[in-house]
$ cat work.pdb   # PDB, C-alpha atoms
ATOM      1  CA  MET A 291      24.695 -56.524-144.958
ATOM      2  CA  THR A 292      24.684 -57.579-141.350
ATOM      3  CA  ARG A 293      21.324 -57.239-139.582
ATOM      4  CA  VAL A 294      21.533 -55.655-136.145
ATOM      5  CA  ASP A 295      18.735 -56.586-133.784
ATOM      6  CA  PRO A 296      17.431 -53.723-131.648
ATOM      7  CA  ALA A 297      18.409 -53.756-128.012
ATOM      8  CA  PRO A 298      15.752 -55.441-125.909
ATOM      9  CA  GLY A 299      13.657 -53.037-123.866
ATOM     10  CA  PRO A 300      13.024 -53.402-120.154
ATOM     11  CA  THR A 301      10.747 -56.305-119.327
ATOM     12  CA  ALA A 302       7.722 -55.777-117.144
ATOM     13  CA  PRO A 303       7.885 -57.472-113.741
ATOM     14  CA  ARG A 304       5.983 -60.747-113.482
ATOM     15  CA  VAL A 305       2.605 -60.598-111.780
ATOM     16  CA  VAL A 306       3.461 -63.787-109.871
ATOM     17  CA  ASN A 307       6.077 -62.562-107.420
ATOM     18  CA  LEU A 308       6.667 -62.419-103.663
ATOM     19  CA  PRO A 309       5.047 -59.009-102.985
ATOM     20  CA  ASN A 310       1.881 -59.966-104.864
ATOM     21  CA  ALA A 311       1.831 -63.353-103.124
ATOM     22  CA  LEU A 312       1.880 -61.542 -99.777
ATOM     23  CA  THR A 313      -0.993 -59.355-100.925
ATOM     24  CA  VAL A 314      -3.055 -62.406-101.936
ATOM     25  CA  LEU A 315      -2.187 -64.058 -98.615
ATOM     26  CA  ARG A 316      -3.482 -60.973 -96.816
ATOM     27  CA  LEU A 317      -6.772 -61.298 -98.696
ATOM     28  CA  ALA A 318      -6.965 -64.977 -97.734
ATOM     29  CA  VAL A 319      -6.618 -64.039 -94.054
ATOM     30  CA  VAL A 320      -9.819 -61.942 -94.158
ATOM     31  CA  PRO A 321     -12.390 -64.800 -93.970
ATOM     32  CA  VAL A 322     -10.230 -66.653 -91.448
ATOM     33  CA  LEU A 323     -10.165 -63.548 -89.261
ATOM     34  CA  ALA A 324     -13.962 -63.342 -89.438
ATOM     35  CA  ILE A 325     -14.423 -66.963 -88.401
ATOM     36  CA  VAL A 326     -11.960 -66.753 -85.504
ATOM     37  CA  LEU A 327     -13.300 -63.445 -84.193
ATOM     38  CA  LEU A 328     -17.015 -64.209 -84.435
ATOM     39  CA  GLN A 329     -16.941 -67.767 -83.104
ATOM     40  CA  ASP A 330     -19.063 -68.271 -80.000
ATOM     41  CA  GLY A 331     -20.380 -64.712 -80.322
ATOM     42  CA  GLY A 332     -17.029 -63.229 -79.368
ATOM     43  CA  ARG A 333     -17.155 -64.793 -75.919
ATOM     44  CA  ASP A 334     -14.157 -66.998 -76.657
ATOM     45  CA  ASP A 335     -11.144 -65.042 -75.397
ATOM     46  CA  SER A 336      -8.727 -67.362 -77.180
ATOM     47  CA  GLY A 337     -10.508 -66.606 -80.450
ATOM     48  CA  ARG A 338     -10.045 -62.870 -79.922
ATOM     49  CA  TRP A 339      -6.363 -63.376 -79.139
ATOM     50  CA  TRP A 340      -5.939 -65.352 -82.343
ATOM     51  CA  ALA A 341      -7.848 -62.686 -84.270
ATOM     52  CA  ALA A 342      -5.424 -60.055 -82.977
ATOM     53  CA  VAL A 343      -2.429 -62.212 -83.920
ATOM     54  CA  LEU A 344      -3.801 -62.790 -87.434
ATOM     55  CA  PHE A 345      -4.497 -59.077 -87.899
ATOM     56  CA  VAL A 346      -1.011 -58.022 -86.782
ATOM     57  CA  ALA A 347       0.646 -60.687 -88.937
ATOM     58  CA  ALA A 348      -1.349 -59.533 -91.966
ATOM     59  CA  ILE A 349      -0.439 -55.900 -91.295
ATOM     60  CA  LEU A 350       3.235 -56.876 -91.211
ATOM     61  CA  THR A 351       2.874 -58.385 -94.704
ATOM     62  CA  ASP A 352       1.382 -55.066 -95.816
ATOM     63  CA  TRP A 353       4.429 -53.163 -94.597
ATOM     64  CA  SER A 354       6.829 -55.664 -96.143
ATOM     65  CA  ASP A 355       5.327 -56.309 -99.588
ATOM     66  CA  GLY A 356       5.635 -52.699-100.736
ATOM     67  CA  MET A 357       9.209 -52.470 -99.497
ATOM     68  CA  ILE A 358      10.164 -55.719-101.256
ATOM     69  CA  ALA A 359       8.465 -54.643-104.487
ATOM     70  CA  ARG A 360      10.330 -51.336-104.587
ATOM     71  CA  ARG A 361      13.719 -52.802-103.695
ATOM     72  CA  THR A 362      13.479 -55.671-106.188
ATOM     73  CA  GLY A 363      11.818 -53.721-108.994
ATOM     74  CA  THR A 364       8.750 -55.960-108.959
ATOM     75  CA  VAL A 365       6.060 -53.287-108.694
ATOM     76  CA  THR A 366       3.111 -54.335-110.894
ATOM     77  CA  GLU A 367      -0.238 -52.805-111.840
ATOM     78  CA  PHE A 368      -1.903 -55.752-110.095
ATOM     79  CA  GLY A 369      -0.027 -54.924-106.904
ATOM     80  CA  LYS A 370      -0.924 -51.241-107.090
ATOM     81  CA  LEU A 371      -4.623 -52.087-107.262
ATOM     82  CA  ALA A 372      -4.781 -55.249-105.125
ATOM     83  CA  ASP A 373      -2.674 -53.980-102.231
ATOM     84  CA  PRO A 374      -5.068 -51.218-101.059
ATOM     85  CA  ILE A 375      -8.046 -53.524-101.647
ATOM     86  CA  ALA A 376      -6.478 -56.173 -99.395
ATOM     87  CA  ASP A 377      -5.729 -53.552 -96.749
ATOM     88  CA  LYS A 378      -9.285 -52.221 -96.739
ATOM     89  CA  ALA A 379     -10.784 -55.726 -96.730
ATOM     90  CA  LEU A 380      -8.695 -56.690 -93.702
ATOM     91  CA  THR A 381      -9.428 -53.476 -91.804
ATOM     92  CA  GLY A 382     -13.088 -53.573 -92.792
ATOM     93  CA  MET A 383     -13.591 -57.157 -91.643
ATOM     94  CA  ALA A 384     -11.988 -56.428 -88.273
ATOM     95  CA  LEU A 385     -14.083 -53.279 -87.717
ATOM     96  CA  ILE A 386     -17.358 -54.857 -88.859
ATOM     97  CA  GLY A 387     -16.710 -57.907 -86.679
ATOM     98  CA  LEU A 388     -16.033 -55.709 -83.653
ATOM     99  CA  SER A 389     -19.254 -53.754 -84.256
ATOM    100  CA  ILE A 390     -21.278 -56.947 -84.710
ATOM    101  CA  LEU A 391     -19.987 -58.044 -81.309
ATOM    102  CA  ALA A 392     -20.901 -54.613 -79.865
ATOM    103  CA  LEU A 393     -17.269 -54.018 -78.942
ATOM    104  CA  LEU A 394     -16.984 -50.938 -81.158
ATOM    105  CA  PRO A 395     -19.709 -48.363 -82.004
ATOM    106  CA  TRP A 396     -21.081 -48.750 -85.518
ATOM    107  CA  TRP A 397     -20.533 -45.055 -86.281
ATOM    108  CA  VAL A 398     -16.775 -45.547 -85.886
ATOM    109  CA  THR A 399     -16.826 -48.441 -88.352
ATOM    110  CA  VAL A 400     -18.979 -46.507 -90.842
ATOM    111  CA  VAL A 401     -16.800 -43.373 -90.704
ATOM    112  CA  ILE A 402     -13.539 -45.273 -91.190
ATOM    113  CA  LEU A 403     -14.839 -47.568 -93.929
ATOM    114  CA  ALA A 404     -16.569 -44.741 -95.816
ATOM    115  CA  ARG A 405     -13.300 -42.801 -95.870
ATOM    116  CA  GLU A 406     -11.237 -45.818 -96.881
ATOM    117  CA  LEU A 407     -13.643 -46.774 -99.684
ATOM    118  CA  ALA A 408     -13.790 -43.229-101.044
ATOM    119  CA  VAL A 409      -9.999 -42.836-101.004
ATOM    120  CA  THR A 410      -9.468 -46.273-102.578
ATOM    121  CA  LEU A 411     -11.797 -45.427-105.479
ATOM    122  CA  LEU A 412     -10.118 -42.056-105.859
ATOM    123  CA  ARG A 413      -6.669 -43.690-105.760
ATOM    124  CA  VAL A 414      -7.642 -46.069-108.599
ATOM    125  CA  TRP A 415      -8.786 -43.105-110.702
ATOM    126  CA  VAL A 416      -5.679 -41.061-109.876
ATOM    127  CA  ILE A 417      -3.309 -43.940-110.745
ATOM    128  CA  ARG A 418      -4.917 -44.351-114.156
ATOM    129  CA  GLN A 419      -4.959 -40.643-114.942
ATOM    130  CA  HIS A 420      -1.943 -39.101-113.226
ATOM    131  CA  GLY A 421       0.060 -41.754-111.368
ATOM    132  CA  VAL A 422       0.386 -42.381-107.654
ATOM    133  CA  ILE A 423      -0.052 -39.571-105.133
ATOM    134  CA  PRO A 424       2.771 -40.054-102.594
ATOM    135  CA  ALA A 425       1.660 -41.042 -99.109
ATOM    136  CA  SER A 426       1.704 -38.120 -96.722
ATOM    137  CA  ARG A 427       3.149 -38.181 -93.220
ATOM    138  CA  GLY A 428      -0.400 -37.952 -91.880
ATOM    139  CA  GLY A 429      -1.427 -40.948 -93.971
ATOM    140  CA  LYS A 430       1.400 -43.007 -92.533
ATOM    141  CA  LEU A 431       0.446 -41.940 -89.003
ATOM    142  CA  LYS A 432      -3.154 -42.898 -89.748
ATOM    143  CA  THR A 433      -2.075 -46.371 -90.797
ATOM    144  CA  VAL A 434       0.023 -46.793 -87.657
ATOM    145  CA  ALA A 435      -2.828 -45.546 -85.440
ATOM    146  CA  GLN A 436      -5.316 -47.976 -87.004
ATOM    147  CA  SER A 437      -2.787 -50.819 -86.811
ATOM    148  CA  ILE A 438      -2.504 -50.261 -83.049
ATOM    149  CA  ALA A 439      -6.106 -49.363 -82.202
ATOM    150  CA  ILE A 440      -7.789 -52.260 -84.015
ATOM    151  CA  PRO A 441      -5.717 -55.052 -82.384
ATOM    152  CA  ALA A 442      -6.286 -53.321 -79.039
ATOM    153  CA  TYR A 443     -10.028 -53.772 -79.575
ATOM    154  CA  LEU A 444      -9.609 -57.321 -80.830
ATOM    155  CA  LEU A 445      -7.876 -58.309 -77.605
ATOM    156  CA  PRO A 446     -10.074 -59.173 -74.574
ATOM    157  CA  LEU A 447      -8.798 -56.292 -72.441
ATOM    158  CA  SER A 448     -10.393 -54.792 -69.342
ATOM    159  CA  GLY A 449      -9.856 -52.009 -66.849
ATOM    160  CA  VAL A 450      -7.347 -49.266 -67.656
ATOM    161  CA  LEU A 451      -6.188 -50.959 -70.867
ATOM    162  CA  ALA A 452      -9.763 -51.088 -72.167
ATOM    163  CA  SER A 453     -10.109 -47.361 -71.463
ATOM    164  CA  ALA A 454      -6.775 -46.590 -73.132
ATOM    165  CA  ARG A 455      -7.775 -48.283 -76.369
ATOM    166  CA  TRP A 456     -10.739 -45.898 -76.651
ATOM    167  CA  TRP A 457      -8.289 -43.008 -76.908
ATOM    168  CA  LEU A 458      -6.209 -44.920 -79.436
ATOM    169  CA  MET A 459      -9.282 -45.399 -81.608
ATOM    170  CA  ALA A 460     -10.235 -41.736 -81.209
ATOM    171  CA  VAL A 461      -6.820 -40.714 -82.538
ATOM    172  CA  ALA A 462      -7.195 -43.188 -85.417
ATOM    173  CA  VAL A 463     -10.616 -41.764 -86.353
ATOM    174  CA  VAL A 464      -9.375 -38.155 -86.314
ATOM    175  CA  LEU A 465      -6.364 -39.049 -88.461
ATOM    176  CA  THR A 466      -8.531 -41.124 -90.792
ATOM    177  CA  VAL A 467     -10.945 -38.263 -91.471
ATOM    178  CA  GLY A 468      -8.235 -35.584 -91.639
ATOM    179  CA  THR A 469      -6.022 -37.481 -94.069
ATOM    180  CA  GLY A 470      -9.034 -38.355 -96.206
ATOM    181  CA  ILE A 471      -9.830 -34.668 -96.634
ATOM    182  CA  ASP A 472      -6.154 -33.993 -97.410
ATOM    183  CA  TYR A 473      -6.040 -36.760-100.042
ATOM    184  CA  PHE A 474      -9.108 -35.399-101.822
ATOM    185  CA  ALA A 475      -7.632 -31.884-101.765
ATOM    186  CA  ARG A 476      -4.353 -33.118-103.306
ATOM    187  CA  ALA A 477      -6.230 -35.119-105.952
ATOM    188  CA  ILE A 478      -8.278 -32.058-106.925
ATOM    189  CA  ALA A 479      -5.129 -29.919-107.079
ATOM    190  CA  LEU A 480      -3.454 -32.544-109.288
ATOM    191  CA  ARG A 481      -6.493 -32.632-111.569
ATOM    192  CA  ARG A 482      -6.506 -28.856-111.908
ATOM    193  CA  ALA A 483      -2.767 -28.730-112.578
ATOM    194  CA  ALA A 484      -3.123 -31.381-115.284
ATOM    195  CA  ALA A 485      -6.021 -29.519-116.880
ATOM    196  CA  ALA A 486      -4.134 -26.223-116.831
ATOM    197  CA  GLY A 487      -0.935 -27.760-118.236
ATOM    198  CA  PRO A 488      -1.737 -27.754-121.980
ATOM    199  CA  ALA A 489      -3.262 -24.286-121.807
ATOM    200  CA  THR A 490      -0.146 -22.952-120.088
ATOM    201  CA  ASP A 491       2.132 -24.574-122.678
ATOM    202  CA  THR A 492       0.082 -23.127-125.527
ATOM    203  CA  ALA A 493       0.151 -19.637-124.043
ATOM    204  CA  ALA A 494       3.915 -19.862-123.598
TER     205      ALA A 494
END
$ encode --input "work.pdb" --output "structure tokens"
Amino acid sequence: MTRVDPAPGPTAPRVVNLPNALTVLRLAVVPVLAIVLLQDGGRDDSGRWWAAVLFVAAILTDWSDGMIARRTGTVTEFGKLADPIADKALTGMALIGLSILALLPWWVTVVILARELAVTLLRVWVIRQHGVIPASRGGKLKTVAQSIAIPAYLLPLSGVLASARWWLMAVAVVLTVGTGIDYFARAIALRRAAAAGPATDTAA
């Protein structure tokens, strides 16, 4: 009797891949950003320009790694967890550095980081229990607003441009808080729907 081997199942994507490498690179940028920004007490304009360039370059890797992972089928559990951590570490370092240099009020940094930390912890729990909650349009706008406002503060601007970046940061803060509330509401709704599912099936 001829033995027929079962068809091989789909193989999991390797952890070592281009999207995850970009995520790790983004994490590696964080201490470099701190050194460049904080050198000479922030009085070195060239250092602030380089800090802005590093931040923007790292943000571009954030936008590209997810796209590459989805298009090439290389989404991994490591990437799902490490990607938001790298994002928050980069944003957090930039905001804390700006507040240390008295270029940004500490309350702005605390509000944004508290929201980002809470949502990141919630996202980890949601992924393990129910899968990923799709990013909302507001969440994407929040990311864009932060990605513009933070480099604007990193740059040594003055005059009208310095005033304009205040409004950019105000928009970023409003979107950050609003989308955080929305994310928690959707997570609670998902939790309730999951809890009600078995009961509904049994009743049917």
$ resolve_selection --input "work.pdb" --expression "the PyMOL selection byres ((chain A and resi 407) around 12)" --output "MDAnalysis selection string"
chainID A and resid 374:379 381:382 399:406 408:414 466 470
$ write_last_selection --input "work.pdb" --atoms "C-alpha atoms" --output "PDB file, in the coordinates of the input"
ATOM      1  CA  PRO A 374      -5.068 -51.218-101.059  1.00  0.00           C
ATOM      2  CA  ILE A 375      -8.046 -53.524-101.647  1.00  0.00           C
ATOM      3  CA  ALA A 376      -6.478 -56.173 -99.395  1.00  0.00           C
ATOM      4  CA  ASP A 377      -5.729 -53.552 -96.749  1.00  0.00           C
ATOM      5  CA  LYS A 378      -9.285 -52.221 -96.739  1.00  0.00           C
ATOM      6  CA  ALA A 379     -10.784 -55.726 -96.730  1.00  0.00           C
ATOM      7  CA  THR A 381      -9.428 -53.476 -91.804  1.00  0.00           C
ATOM      8  CA  GLY A 382     -13.088 -53.573 -92.792  1.00  0.00           C
ATOM      9  CA  THR A 399     -16.826 -48.441 -88.352  1.00  0.00           C
ATOM     10  CA  VAL A 400     -18.979 -46.507 -90.842  1.00  0.00           C
ATOM     11  CA  VAL A 401     -16.800 -43.373 -90.704  1.00  0.00           C
ATOM     12  CA  ILE A 402     -13.539 -45.273 -91.190  1.00  0.00           C
ATOM     13  CA  LEU A 403     -14.839 -47.568 -93.929  1.00  0.00           C
ATOM     14  CA  ALA A 404     -16.569 -44.741 -95.816  1.00  0.00           C
ATOM     15  CA  ARG A 405     -13.300 -42.801 -95.870  1.00  0.00           C
ATOM     16  CA  GLU A 406     -11.237 -45.818 -96.881  1.00  0.00           C
ATOM     17  CA  ALA A 408     -13.790 -43.229-101.044  1.00  0.00           C
ATOM     18  CA  VAL A 409      -9.999 -42.836-101.004  1.00  0.00           C
ATOM     19  CA  THR A 410      -9.468 -46.273-102.578  1.00  0.00           C
ATOM     20  CA  LEU A 411     -11.797 -45.427-105.479  1.00  0.00           C
ATOM     21  CA  LEU A 412     -10.118 -42.056-105.859  1.00  0.00           C
ATOM     22  CA  ARG A 413      -6.669 -43.690-105.760  1.00  0.00           C
ATOM     23  CA  VAL A 414      -7.642 -46.069-108.599  1.00  0.00           C
ATOM     24  CA  THR A 466      -8.531 -41.124 -90.792  1.00  0.00           C
ATOM     25  CA  GLY A 470      -9.034 -38.355 -96.206  1.00  0.00           C
TER      26      GLY A 470
END
$ closest_residue --input "work.pdb" --among "A:Ala483, A:Leu393, A:Leu328, A:Ala384" --to "Leu447 (chain A)" --atoms "only C-alpha atoms"
A:Leu393
$ residues_around --input "work.pdb" --residues "region 453-456 of chain A" --least-positions-apart "3" --cutoff "7 Å" --atoms "only C-alpha atoms" --output "NGL selection string"
:A and (439 or 442-443 or 449-450 or 459-460)
$ closest_residue --input "work.pdb" --among "A:Ala341, A:Val365, A:Val322, A:Ala479" --to "Pro441 (chain A)" --atoms "only C-alpha atoms"
A:Ala341
$ residues_around --input "work.pdb" --residues "Val314 (chain A)" --least-positions-apart "6" --cutoff "10 Å" --atoms "all atoms listed in the file" --output "number ranges by chain"
A: 308, 369, 372-373, 376
$ residues_near_point --input "work.pdb" --point "(-0.8, -61.4, -105.1)" --cutoff "10 Å" --atoms "only C-alpha atoms" --output "PyMOL selection string"
chain A and resi 305-317+355+366+368-369+372-373+376
$ closest_residue --input "work.pdb" --among "A:Asp334, A:Ile386, A:Ile358, A:Thr469" --to "Thr433 (chain A)" --atoms "only C-alpha atoms"
A:Thr469
$ resolve_selection --input "work.pdb" --expression "the PyMOL selection byres ((chain A and resi 434) around 12)" --output "NGL selection string"
:A and (346 or 349-350 or 352-353 or 427-433 or 435-441 or 458-459 or 461-463 or 465-466)
$ write_last_selection --input "work.pdb" --atoms "C-alpha atoms" --output "PDB file, in the frame of the given file"
ATOM      1  CA  VAL A 346      -1.011 -58.022 -86.782  1.00  0.00           C
ATOM      2  CA  ILE A 349      -0.439 -55.900 -91.295  1.00  0.00           C
ATOM      3  CA  LEU A 350       3.235 -56.876 -91.211  1.00  0.00           C
ATOM      4  CA  ASP A 352       1.382 -55.066 -95.816  1.00  0.00           C
ATOM      5  CA  TRP A 353       4.429 -53.163 -94.597  1.00  0.00           C
ATOM      6  CA  ARG A 427       3.149 -38.181 -93.220  1.00  0.00           C
ATOM      7  CA  GLY A 428      -0.400 -37.952 -91.880  1.00  0.00           C
ATOM      8  CA  GLY A 429      -1.427 -40.948 -93.971  1.00  0.00           C
ATOM      9  CA  LYS A 430       1.400 -43.007 -92.533  1.00  0.00           C
ATOM     10  CA  LEU A 431       0.446 -41.940 -89.003  1.00  0.00           C
ATOM     11  CA  LYS A 432      -3.154 -42.898 -89.748  1.00  0.00           C
ATOM     12  CA  THR A 433      -2.075 -46.371 -90.797  1.00  0.00           C
ATOM     13  CA  ALA A 435      -2.828 -45.546 -85.440  1.00  0.00           C
ATOM     14  CA  GLN A 436      -5.316 -47.976 -87.004  1.00  0.00           C
ATOM     15  CA  SER A 437      -2.787 -50.819 -86.811  1.00  0.00           C
ATOM     16  CA  ILE A 438      -2.504 -50.261 -83.049  1.00  0.00           C
ATOM     17  CA  ALA A 439      -6.106 -49.363 -82.202  1.00  0.00           C
ATOM     18  CA  ILE A 440      -7.789 -52.260 -84.015  1.00  0.00           C
ATOM     19  CA  PRO A 441      -5.717 -55.052 -82.384  1.00  0.00           C
ATOM     20  CA  LEU A 458      -6.209 -44.920 -79.436  1.00  0.00           C
ATOM     21  CA  MET A 459      -9.282 -45.399 -81.608  1.00  0.00           C
ATOM     22  CA  VAL A 461      -6.820 -40.714 -82.538  1.00  0.00           C
ATOM     23  CA  ALA A 462      -7.195 -43.188 -85.417  1.00  0.00           C
ATOM     24  CA  VAL A 463     -10.616 -41.764 -86.353  1.00  0.00           C
ATOM     25  CA  LEU A 465      -6.364 -39.049 -88.461  1.00  0.00           C
ATOM     26  CA  THR A 466      -8.531 -41.124 -90.792  1.00  0.00           C
TER      27      THR A 466
END
$ residues_around --input "work.pdb" --residues "Ala477 (chain A)" --least-positions-apart "2" --cutoff "9 Å" --atoms "all atoms listed in the file" --output "PyMOL selection string"
chain A and resi 412-413+416+423+472-475+479-482
$ closest_residue --input "work.pdb" --among "A:Leu371, A:Leu391, A:Leu344, A:Ile325" --to "Trp415 (chain A)" --atoms "only C-alpha atoms"
A:Leu371
$ closest_residue --input "work.pdb" --among "A:Ala484, A:Leu327, A:Met357, A:Leu451" --to "Gly387 (chain A)" --atoms "all atoms listed in the file"
A:Leu327
$ axis_aligned_box --input "work.pdb" --around "region 457-475 of chain A" --padding-each-side "4 Å" --output "AutoDock Vina command-line options"
--center_x -8.5 --center_y -38.6 --center_z -89.4 --size_x 12.9 --size_y 21.5 --size_z 32.9
$ atom_distance --input "work.pdb" --atom1 "CA of Met383 (chain A)" --atom2 "CA of Leu323 (chain A)"
7.6 Å
$ atom_distance --input "work.pdb" --atom1 "CA of Val326 (chain A)" --atom2 "CA of Val343 (chain A)"
10.7 Å
$ atom_distance --input "work.pdb" --atom1 "CA of Ala342 (chain A)" --atom2 "CA of Leu445 (chain A)"
6.2 Å
